[in-house]
>>> print(open('model-v3.pdb').read())   # PDB, C-alpha atoms, pLDDT in the B column
ATOM      1  CA  MET A   1      12.600  -9.721 -60.594  1.00 49.00           C
ATOM      2  CA  ASN A   2      11.624 -10.560 -57.083  1.00 50.00           C
ATOM      3  CA  SER A   3       9.490  -7.871 -55.462  1.00 49.00           C
ATOM      4  CA  ASP A   4       9.864  -9.319 -51.960  1.00 50.00           C
ATOM      5  CA  SER A   5      12.088  -7.159 -49.847  1.00 52.00           C
ATOM      6  CA  SER A   6      14.508  -8.784 -47.487  1.00 51.00           C
ATOM      7  CA  PRO A   7      14.315  -7.802 -43.821  1.00 56.00           C
ATOM      8  CA  ASP A   8      16.545  -4.961 -42.726  1.00 58.00           C
ATOM      9  CA  PRO A   9      19.503  -6.480 -40.788  1.00 58.00           C
ATOM     10  CA  THR A  10      19.854  -3.470 -38.470  1.00 57.00           C
ATOM     11  CA  GLN A  11      16.169  -3.594 -37.512  1.00 57.00           C
ATOM     12  CA  ASP A  12      16.405  -7.350 -36.970  1.00 58.00           C
ATOM     13  CA  GLN A  13      19.436  -6.855 -34.713  1.00 60.00           C
ATOM     14  CA  ALA A  14      17.640  -4.149 -32.713  1.00 56.00           C
ATOM     15  CA  SER A  15      14.575  -6.331 -32.252  1.00 59.00           C
ATOM     16  CA  ARG A  16      16.791  -9.112 -30.878  1.00 63.00           C
ATOM     17  CA  ARG A  17      18.590  -6.708 -28.557  1.00 65.00           C
ATOM     18  CA  ARG A  18      15.424  -5.205 -26.995  1.00 67.00           C
ATOM     19  CA  PRO A  19      14.347  -8.281 -24.958  1.00 79.00           C
ATOM     20  CA  ARG A  20      17.859  -8.551 -23.531  1.00 86.00           C
ATOM     21  CA  LEU A  21      17.840  -4.839 -22.624  1.00 86.00           C
ATOM     22  CA  VAL A  22      14.407  -5.151 -21.007  1.00 87.00           C
ATOM     23  CA  GLY A  23      15.558  -8.197 -19.042  1.00 90.00           C
ATOM     24  CA  VAL A  24      18.711  -6.527 -17.750  1.00 93.00           C
ATOM     25  CA  LEU A  25      16.730  -3.373 -16.916  1.00 91.00           C
ATOM     26  CA  THR A  26      14.205  -5.459 -14.969  1.00 91.00           C
ATOM     27  CA  LEU A  27      16.949  -7.195 -12.979  1.00 95.00           C
ATOM     28  CA  VAL A  28      18.726  -3.923 -12.182  1.00 94.00           C
ATOM     29  CA  MET A  29      15.463  -2.257 -11.079  1.00 92.00           C
ATOM     30  CA  LEU A  30      14.646  -5.272  -8.880  1.00 94.00           C
ATOM     31  CA  ALA A  31      18.121  -5.077  -7.346  1.00 94.00           C
ATOM     32  CA  SER A  32      17.620  -1.350  -6.719  1.00 94.00           C
ATOM     33  CA  PHE A  33      14.298  -1.977  -5.020  1.00 92.00           C
ATOM     34  CA  LEU A  34      15.690  -4.764  -2.828  1.00 94.00           C
ATOM     35  CA  LEU A  35      18.711  -2.659  -1.874  1.00 94.00           C
ATOM     36  CA  THR A  36      16.340   0.149  -0.865  1.00 91.00           C
ATOM     37  CA  LEU A  37      14.845  -2.233   1.702  1.00 91.00           C
ATOM     38  CA  SER A  38      18.281  -3.174   3.084  1.00 89.00           C
ATOM     39  CA  PRO A  39      20.004  -1.684   6.141  1.00 86.00           C
ATOM     40  CA  LEU A  40      21.889   1.542   5.644  1.00 84.00           C
ATOM     41  CA  PRO A  41      25.325   0.669   4.337  1.00 86.00           C
ATOM     42  CA  LEU A  42      23.786  -1.534   1.632  1.00 89.00           C
ATOM     43  CA  ARG A  43      20.979   0.936   0.975  1.00 90.00           C
ATOM     44  CA  LEU A  44      23.513   3.356  -0.493  1.00 91.00           C
ATOM     45  CA  LEU A  45      24.221   0.866  -3.297  1.00 94.00           C
ATOM     46  CA  SER A  46      20.641   1.345  -4.506  1.00 94.00           C
ATOM     47  CA  GLY A  47      21.687   4.732  -5.861  1.00 93.00           C
ATOM     48  CA  ILE A  48      24.384   3.155  -8.014  1.00 95.00           C
ATOM     49  CA  THR A  49      22.095   0.434  -9.348  1.00 96.00           C
ATOM     50  CA  SER A  50      19.431   3.052 -10.050  1.00 95.00           C
ATOM     51  CA  LEU A  51      21.926   5.107 -12.044  1.00 96.00           C
ATOM     52  CA  VAL A  52      22.646   1.998 -14.121  1.00 95.00           C
ATOM     53  CA  ALA A  53      18.897   1.439 -14.499  1.00 95.00           C
ATOM     54  CA  LEU A  54      18.394   5.050 -15.600  1.00 95.00           C
ATOM     55  CA  VAL A  55      21.037   4.686 -18.323  1.00 95.00           C
ATOM     56  CA  LEU A  56      19.458   1.426 -19.522  1.00 94.00           C
ATOM     57  CA  LEU A  57      16.021   3.009 -19.423  1.00 94.00           C
ATOM     58  CA  ILE A  58      17.153   5.942 -21.542  1.00 94.00           C
ATOM     59  CA  LEU A  59      18.666   3.501 -24.054  1.00 93.00           C
ATOM     60  CA  LEU A  60      15.388   1.595 -24.141  1.00 91.00           C
ATOM     61  CA  ILE A  61      13.350   4.784 -24.635  1.00 93.00           C
ATOM     62  CA  VAL A  62      15.612   5.917 -27.492  1.00 93.00           C
ATOM     63  CA  GLN A  63      15.396   2.490 -29.110  1.00 91.00           C
ATOM     64  CA  ALA A  64      11.602   2.463 -28.736  1.00 90.00           C
ATOM     65  CA  VAL A  65      11.300   5.894 -30.381  1.00 93.00           C
ATOM     66  CA  LYS A  66      13.546   4.783 -33.270  1.00 92.00           C
ATOM     67  CA  GLU A  67      11.311   1.741 -33.792  1.00 89.00           C
ATOM     68  CA  ARG A  68       8.194   3.924 -33.494  1.00 90.00           C
ATOM     69  CA  ARG A  69       6.982   2.082 -30.402  1.00 88.00           C
ATOM     70  CA  TYR A  70       5.700   5.206 -28.763  1.00 91.00           C
ATOM     71  CA  PRO A  71       3.601   3.564 -26.001  1.00 90.00           C
ATOM     72  CA  LEU A  72       6.722   1.797 -24.677  1.00 86.00           C
ATOM     73  CA  ALA A  73       8.687   5.049 -24.781  1.00 90.00           C
ATOM     74  CA  VAL A  74       5.930   6.992 -23.009  1.00 93.00           C
ATOM     75  CA  ILE A  75       5.451   4.364 -20.290  1.00 91.00           C
ATOM     76  CA  GLY A  76       9.211   4.182 -19.736  1.00 88.00           C
ATOM     77  CA  ALA A  77       9.476   7.949 -19.534  1.00 91.00           C
ATOM     78  CA  LEU A  78       6.439   8.479 -17.294  1.00 94.00           C
ATOM     79  CA  LEU A  79       6.942   5.567 -14.908  1.00 91.00           C
ATOM     80  CA  GLY A  80      10.548   4.423 -15.120  1.00 90.00           C
ATOM     81  CA  VAL A  81      12.398   7.718 -15.034  1.00 92.00           C
ATOM     82  CA  PRO A  82      10.589   9.089 -11.931  1.00 94.00           C
ATOM     83  CA  ALA A  83      10.981   5.743 -10.142  1.00 92.00           C
ATOM     84  CA  THR A  84      14.729   5.636 -10.723  1.00 94.00           C
ATOM     85  CA  LEU A  85      15.115   9.295  -9.776  1.00 95.00           C
ATOM     86  CA  MET A  86      13.234   8.686  -6.505  1.00 94.00           C
ATOM     87  CA  ILE A  87      15.541   5.797  -5.601  1.00 93.00           C
ATOM     88  CA  ILE A  88      18.593   7.909  -6.451  1.00 94.00           C
ATOM     89  CA  ALA A  89      17.229  10.758  -4.293  1.00 94.00           C
ATOM     90  CA  SER A  90      16.568   8.339  -1.424  1.00 90.00           C
ATOM     91  CA  ALA A  91      20.118   6.988  -1.578  1.00 92.00           C
ATOM     92  CA  THR A  92      21.524  10.512  -1.744  1.00 92.00           C
ATOM     93  CA  ILE A  93      19.544  11.578   1.331  1.00 88.00           C
ATOM     94  CA  GLY A  94      20.709   8.427   3.105  1.00 86.00           C
ATOM     95  CA  ALA A  95      24.310   9.334   2.307  1.00 88.00           C
ATOM     96  CA  LEU A  96      23.897  12.952   3.406  1.00 85.00           C
ATOM     97  CA  PHE A  97      22.274  12.046   6.731  1.00 82.00           C
ATOM     98  CA  TYR A  98      24.189   8.813   7.274  1.00 84.00           C
ATOM     99  CA  GLY A  99      25.061   9.431  10.944  1.00 80.00           C
ATOM    100  CA  PRO A 100      21.570  10.162  12.285  1.00 80.00           C
ATOM    101  CA  MET A 101      19.960   7.553  10.048  1.00 83.00           C
ATOM    102  CA  ALA A 102      22.373   4.842  11.203  1.00 84.00           C
ATOM    103  CA  GLU A 103      21.665   5.718  14.845  1.00 84.00           C
ATOM    104  CA  PHE A 104      17.920   5.596  14.173  1.00 84.00           C
ATOM    105  CA  GLN A 105      18.163   2.185  12.469  1.00 85.00           C
ATOM    106  CA  GLU A 106      20.211   0.809  15.332  1.00 86.00           C
ATOM    107  CA  CYS A 107      17.731   2.176  17.874  1.00 85.00           C
ATOM    108  CA  GLN A 108      14.761   0.743  15.949  1.00 84.00           C
ATOM    109  CA  SER A 109      16.382  -2.681  15.725  1.00 85.00           C
ATOM    110  CA  THR A 110      16.840  -2.862  19.507  1.00 86.00           C
ATOM    111  CA  ALA A 111      13.453  -1.331  20.410  1.00 82.00           C
ATOM    112  CA  ILE A 112      11.066  -3.951  21.732  1.00 86.00           C
ATOM    113  CA  THR A 113       7.994  -1.927  22.634  1.00 89.00           C
ATOM    114  CA  GLU A 114       6.049   0.733  20.774  1.00 89.00           C
ATOM    115  CA  GLN A 115       7.069   3.271  23.424  1.00 90.00           C
ATOM    116  CA  ALA A 116      10.737   2.504  22.736  1.00 86.00           C
ATOM    117  CA  ARG A 117      10.131   3.037  18.999  1.00 87.00           C
ATOM    118  CA  VAL A 118       8.529   6.413  19.698  1.00 88.00           C
ATOM    119  CA  GLN A 119      11.543   7.348  21.818  1.00 88.00           C
ATOM    120  CA  CYS A 120      13.787   6.372  18.898  1.00 85.00           C
ATOM    121  CA  SER A 121      11.835   8.706  16.618  1.00 85.00           C
ATOM    122  CA  ASP A 122      12.061  11.538  19.134  1.00 84.00           C
ATOM    123  CA  ALA A 123      15.782  10.935  19.607  1.00 83.00           C
ATOM    124  CA  MET A 124      16.299  10.890  15.844  1.00 81.00           C
ATOM    125  CA  GLN A 125      14.562  14.242  15.409  1.00 81.00           C
ATOM    126  CA  GLY A 126      16.787  15.775  18.073  1.00 80.00           C
ATOM    127  CA  SER A 127      19.880  14.131  16.636  1.00 77.00           C
ATOM    128  CA  MET A 128      18.990  15.333  13.149  1.00 76.00           C
ATOM    129  CA  ALA A 129      18.501  18.903  14.371  1.00 77.00           C
ATOM    130  CA  GLU A 130      21.856  18.825  16.185  1.00 79.00           C
ATOM    131  CA  TRP A 131      23.581  17.294  13.181  1.00 74.00           C
ATOM    132  CA  ILE A 132      22.219  19.941  10.794  1.00 76.00           C
ATOM    133  CA  SER A 133      23.046  22.809  13.159  1.00 78.00           C
ATOM    134  CA  GLY A 134      26.567  21.391  13.540  1.00 76.00           C
ATOM    135  CA  LEU A 135      26.883  21.297   9.784  1.00 71.00           C
ATOM    136  CA  PHE A 136      26.120  24.993   9.461  1.00 75.00           C
ATOM    137  CA  GLY A 137      28.131  25.986  12.525  1.00 70.00           C
ATOM    138  CA  GLY A 138      25.074  26.764  14.656  1.00 57.00           C
TER     139      GLY A 138
END
>>> encode(input="model-v3.pdb", output="structure tokens")
Amino acid sequence: MNSDSSPDPTQDQASRRRPRLVGVLTLVMLASFLLTLSPLPLRLLSGITSLVALVLLILLIVQAVKERRYPLAVIGALLGVPATLMIIASATIGALFYGPMAEFQECQSTAITEQARVQCSDAMQGSMAEWISGLFGG
């Protein structure tokens, strides 16, 4: 009898799938980061790509735990999950305060001097206060 054991086909399939999952996760996270740097309408898409990245990251963490690759799971959980949640929170805040943020971006893009940029910041603070008080009927 042959004492050599044949490789487990399910483990072999999982080990082939991991590099693809890591590659797709890397591309989605890069897209999320680049969309975060974009002007406001596009910046909102970073929340959607980060949600996709969070799902892929959770799949990767589960797969790493199943394969007993605990360092990969811990690094993914400690670094990846907070990063994706921060991008999602940033996109959510951008969506909630879309009006004042769009005005601020427009003002910043036309400001030539540092004094004009400071005036944009001051105007944004006032606009934000008015917008919030209007929201709550104040």
>>> resolve_selection(input="model-v3.pdb", expression="the PyMOL selection byres ((chain A and resi 24-26) around 10)", output="list in words")
Arg18, Pro19, Arg20, Leu21, Val22, Gly23, Leu27, Val28, Met29, Leu30, Ala31, Ser32, Ser50, Val52, Ala53, Leu54, Val55, Leu56, Leu57 and Leu60 of chain A
>>> closest_residue(input="model-v3.pdb", among="A:Ile58, A:Ala77, A:Ile132, A:Leu40", to="Thr92 (chain A)", atoms="only C-alpha atoms")
A:Leu40
>>> residues_around(input="model-v3.pdb", residues="region 123-128 of chain A", least_positions_apart="3", cutoff="12 Å", atoms="all atoms listed in the file", output="PyMOL selection string")
chain A and resi 96-108+116-120+131-135
>>> residues_near_point(input="model-v3.pdb", point="(12.5, 6.3, -25.2)", cutoff="10 Å", atoms="all atoms listed in the file", output="VMD selection string")
chain A and resid 57 to 77
>>> resolve_selection(input="model-v3.pdb", expression="the PyMOL selection byres ((chain A and resi 43) around 12)", output="PyMOL selection string")
chain A and resi 31-42+44-50+87-95+98+101-102+105
>>> atom_distance(input="model-v3.pdb", atom1="CA of Thr110 (chain A)", atom2="CA of Asp122 (chain A)")
15.2 Å
>>> axis_aligned_box(input="model-v3.pdb", around="region 28-34 of chain A", padding_each_side="3 Å", output="AutoDock Vina command-line options")
--center_x 16.5 --center_y -3.3 --center_z -7.5 --size_x 10.4 --size_y 9.9 --size_z 15.4
>>> atom_distance(input="model-v3.pdb", atom1="CA of Ser121 (chain A)", atom2="CA of Thr84 (chain A)")
27.7 Å
>>> decode(input="model-v3.pdb", residues="region 55-67 of chain A", atoms="all heavy atoms", output="PDB file, in the first residue's frame")
ATOM      1  N   VAL A  55     -16.501  43.443   2.426  1.00  0.00           N
ATOM      2  CA  VAL A  55     -17.009  42.088   2.208  1.00  0.00           C
ATOM      3  C   VAL A  55     -15.865  41.156   1.795  1.00  0.00           C
ATOM      4  O   VAL A  55     -15.721  40.046   2.314  1.00  0.00           O
ATOM      5  CB  VAL A  55     -18.136  42.088   1.154  1.00  0.00           C
ATOM      6  CG1 VAL A  55     -18.484  40.675   0.717  1.00  0.00           C
ATOM      7  CG2 VAL A  55     -19.360  42.807   1.684  1.00  0.00           C
ATOM      8  N   LEU A  56     -15.032  41.621   0.848  1.00  0.00           N
ATOM      9  CA  LEU A  56     -13.897  40.804   0.413  1.00  0.00           C
ATOM     10  C   LEU A  56     -12.917  40.560   1.552  1.00  0.00           C
ATOM     11  O   LEU A  56     -12.360  39.465   1.686  1.00  0.00           O
ATOM     12  CB  LEU A  56     -13.188  41.474  -0.762  1.00  0.00           C
ATOM     13  CG  LEU A  56     -13.963  41.572  -2.064  1.00  0.00           C
ATOM     14  CD1 LEU A  56     -13.194  42.393  -3.084  1.00  0.00           C
ATOM     15  CD2 LEU A  56     -14.270  40.192  -2.605  1.00  0.00           C
ATOM     16  N   LEU A  57     -12.718  41.568   2.378  1.00  0.00           N
ATOM     17  CA  LEU A  57     -11.805  41.439   3.502  1.00  0.00           C
ATOM     18  C   LEU A  57     -12.322  40.418   4.511  1.00  0.00           C
ATOM     19  O   LEU A  57     -11.559  39.606   5.033  1.00  0.00           O
ATOM     20  CB  LEU A  57     -11.601  42.797   4.164  1.00  0.00           C
ATOM     21  CG  LEU A  57     -10.603  42.867   5.297  1.00  0.00           C
ATOM     22  CD1 LEU A  57      -9.217  42.491   4.815  1.00  0.00           C
ATOM     23  CD2 LEU A  57     -10.591  44.266   5.880  1.00  0.00           C
ATOM     24  N   ILE A  58     -13.605  40.444   4.774  1.00  0.00           N
ATOM     25  CA  ILE A  58     -14.185  39.465   5.696  1.00  0.00           C
ATOM     26  C   ILE A  58     -14.045  38.054   5.133  1.00  0.00           C
ATOM     27  O   ILE A  58     -13.702  37.113   5.855  1.00  0.00           O
ATOM     28  CB  ILE A  58     -15.650  39.819   6.015  1.00  0.00           C
ATOM     29  CG1 ILE A  58     -15.689  41.085   6.876  1.00  0.00           C
ATOM     30  CG2 ILE A  58     -16.360  38.667   6.713  1.00  0.00           C
ATOM     31  CD1 ILE A  58     -17.057  41.664   7.072  1.00  0.00           C
ATOM     32  N   LEU A  59     -14.261  37.899   3.821  1.00  0.00           N
ATOM     33  CA  LEU A  59     -14.060  36.591   3.189  1.00  0.00           C
ATOM     34  C   LEU A  59     -12.612  36.136   3.328  1.00  0.00           C
ATOM     35  O   LEU A  59     -12.340  34.959   3.609  1.00  0.00           O
ATOM     36  CB  LEU A  59     -14.455  36.645   1.709  1.00  0.00           C
ATOM     37  CG  LEU A  59     -15.934  36.794   1.397  1.00  0.00           C
ATOM     38  CD1 LEU A  59     -16.136  36.984  -0.106  1.00  0.00           C
ATOM     39  CD2 LEU A  59     -16.708  35.601   1.895  1.00  0.00           C
ATOM     40  N   LEU A  60     -11.680  37.061   3.145  1.00  0.00           N
ATOM     41  CA  LEU A  60     -10.270  36.722   3.263  1.00  0.00           C
ATOM     42  C   LEU A  60      -9.906  36.340   4.700  1.00  0.00           C
ATOM     43  O   LEU A  60      -9.154  35.390   4.924  1.00  0.00           O
ATOM     44  CB  LEU A  60      -9.400  37.899   2.799  1.00  0.00           C
ATOM     45  CG  LEU A  60      -7.895  37.663   2.826  1.00  0.00           C
ATOM     46  CD1 LEU A  60      -7.509  36.626   1.786  1.00  0.00           C
ATOM     47  CD2 LEU A  60      -7.161  38.952   2.584  1.00  0.00           C
ATOM     48  N   ILE A  61     -10.450  37.055   5.672  1.00  0.00           N
ATOM     49  CA  ILE A  61     -10.175  36.748   7.078  1.00  0.00           C
ATOM     50  C   ILE A  61     -10.730  35.369   7.432  1.00  0.00           C
ATOM     51  O   ILE A  61     -10.044  34.566   8.077  1.00  0.00           O
ATOM     52  CB  ILE A  61     -10.757  37.845   7.995  1.00  0.00           C
ATOM     53  CG1 ILE A  61      -9.965  39.136   7.824  1.00  0.00           C
ATOM     54  CG2 ILE A  61     -10.745  37.403   9.445  1.00  0.00           C
ATOM     55  CD1 ILE A  61     -10.595  40.345   8.494  1.00  0.00           C
ATOM     56  N   VAL A  62     -11.938  35.065   6.997  1.00  0.00           N
ATOM     57  CA  VAL A  62     -12.537  33.755   7.266  1.00  0.00           C
ATOM     58  C   VAL A  62     -11.706  32.654   6.619  1.00  0.00           C
ATOM     59  O   VAL A  62     -11.417  31.618   7.238  1.00  0.00           O
ATOM     60  CB  VAL A  62     -14.005  33.721   6.785  1.00  0.00           C
ATOM     61  CG1 VAL A  62     -14.552  32.309   6.784  1.00  0.00           C
ATOM     62  CG2 VAL A  62     -14.861  34.635   7.633  1.00  0.00           C
ATOM     63  N   GLN A  63     -11.288  32.872   5.391  1.00  0.00           N
ATOM     64  CA  GLN A  63     -10.474  31.883   4.686  1.00  0.00           C
ATOM     65  C   GLN A  63      -9.124  31.702   5.387  1.00  0.00           C
ATOM     66  O   GLN A  63      -8.643  30.578   5.526  1.00  0.00           O
ATOM     67  CB  GLN A  63     -10.264  32.328   3.239  1.00  0.00           C
ATOM     68  CG  GLN A  63      -9.528  31.331   2.389  1.00  0.00           C
ATOM     69  CD  GLN A  63      -9.388  31.815   0.957  1.00  0.00           C
ATOM     70  OE1 GLN A  63      -9.867  32.889   0.605  1.00  0.00           O
ATOM     71  NE2 GLN A  63      -8.739  31.028   0.135  1.00  0.00           N
ATOM     72  N   ALA A  64      -8.529  32.787   5.861  1.00  0.00           N
ATOM     73  CA  ALA A  64      -7.252  32.693   6.557  1.00  0.00           C
ATOM     74  C   ALA A  64      -7.385  31.925   7.868  1.00  0.00           C
ATOM     75  O   ALA A  64      -6.509  31.141   8.232  1.00  0.00           O
ATOM     76  CB  ALA A  64      -6.690  34.090   6.812  1.00  0.00           C
ATOM     77  N   VAL A  65      -8.479  32.129   8.586  1.00  0.00           N
ATOM     78  CA  VAL A  65      -8.698  31.397   9.843  1.00  0.00           C
ATOM     79  C   VAL A  65      -8.898  29.913   9.548  1.00  0.00           C
ATOM     80  O   VAL A  65      -8.355  29.059  10.262  1.00  0.00           O
ATOM     81  CB  VAL A  65      -9.892  31.995  10.620  1.00  0.00           C
ATOM     82  CG1 VAL A  65     -10.310  31.093  11.764  1.00  0.00           C
ATOM     83  CG2 VAL A  65      -9.550  33.386  11.133  1.00  0.00           C
ATOM     84  N   LYS A  66      -9.660  29.586   8.500  1.00  0.00           N
ATOM     85  CA  LYS A  66      -9.872  28.181   8.139  1.00  0.00           C
ATOM     86  C   LYS A  66      -8.553  27.490   7.803  1.00  0.00           C
ATOM     87  O   LYS A  66      -8.372  26.318   8.101  1.00  0.00           O
ATOM     88  CB  LYS A  66     -10.825  28.070   6.948  1.00  0.00           C
ATOM     89  CG  LYS A  66     -12.271  28.258   7.291  1.00  0.00           C
ATOM     90  CD  LYS A  66     -13.119  28.087   6.049  1.00  0.00           C
ATOM     91  CE  LYS A  66     -14.584  28.298   6.348  1.00  0.00           C
ATOM     92  NZ  LYS A  66     -15.403  28.192   5.124  1.00  0.00           N
ATOM     93  N   GLU A  67      -7.640  28.226   7.159  1.00  0.00           N
ATOM     94  CA  GLU A  67      -6.352  27.661   6.774  1.00  0.00           C
ATOM     95  C   GLU A  67      -5.298  27.816   7.874  1.00  0.00           C
ATOM     96  O   GLU A  67      -4.140  27.498   7.659  1.00  0.00           O
ATOM     97  CB  GLU A  67      -5.856  28.334   5.492  1.00  0.00           C
ATOM     98  CG  GLU A  67      -6.728  28.047   4.296  1.00  0.00           C
ATOM     99  CD  GLU A  67      -6.278  28.803   3.063  1.00  0.00           C
ATOM    100  OE1 GLU A  67      -5.229  29.484   3.109  1.00  0.00           O
ATOM    101  OE2 GLU A  67      -6.974  28.707   2.043  1.00  0.00           O
TER     102      GLU A  67
END
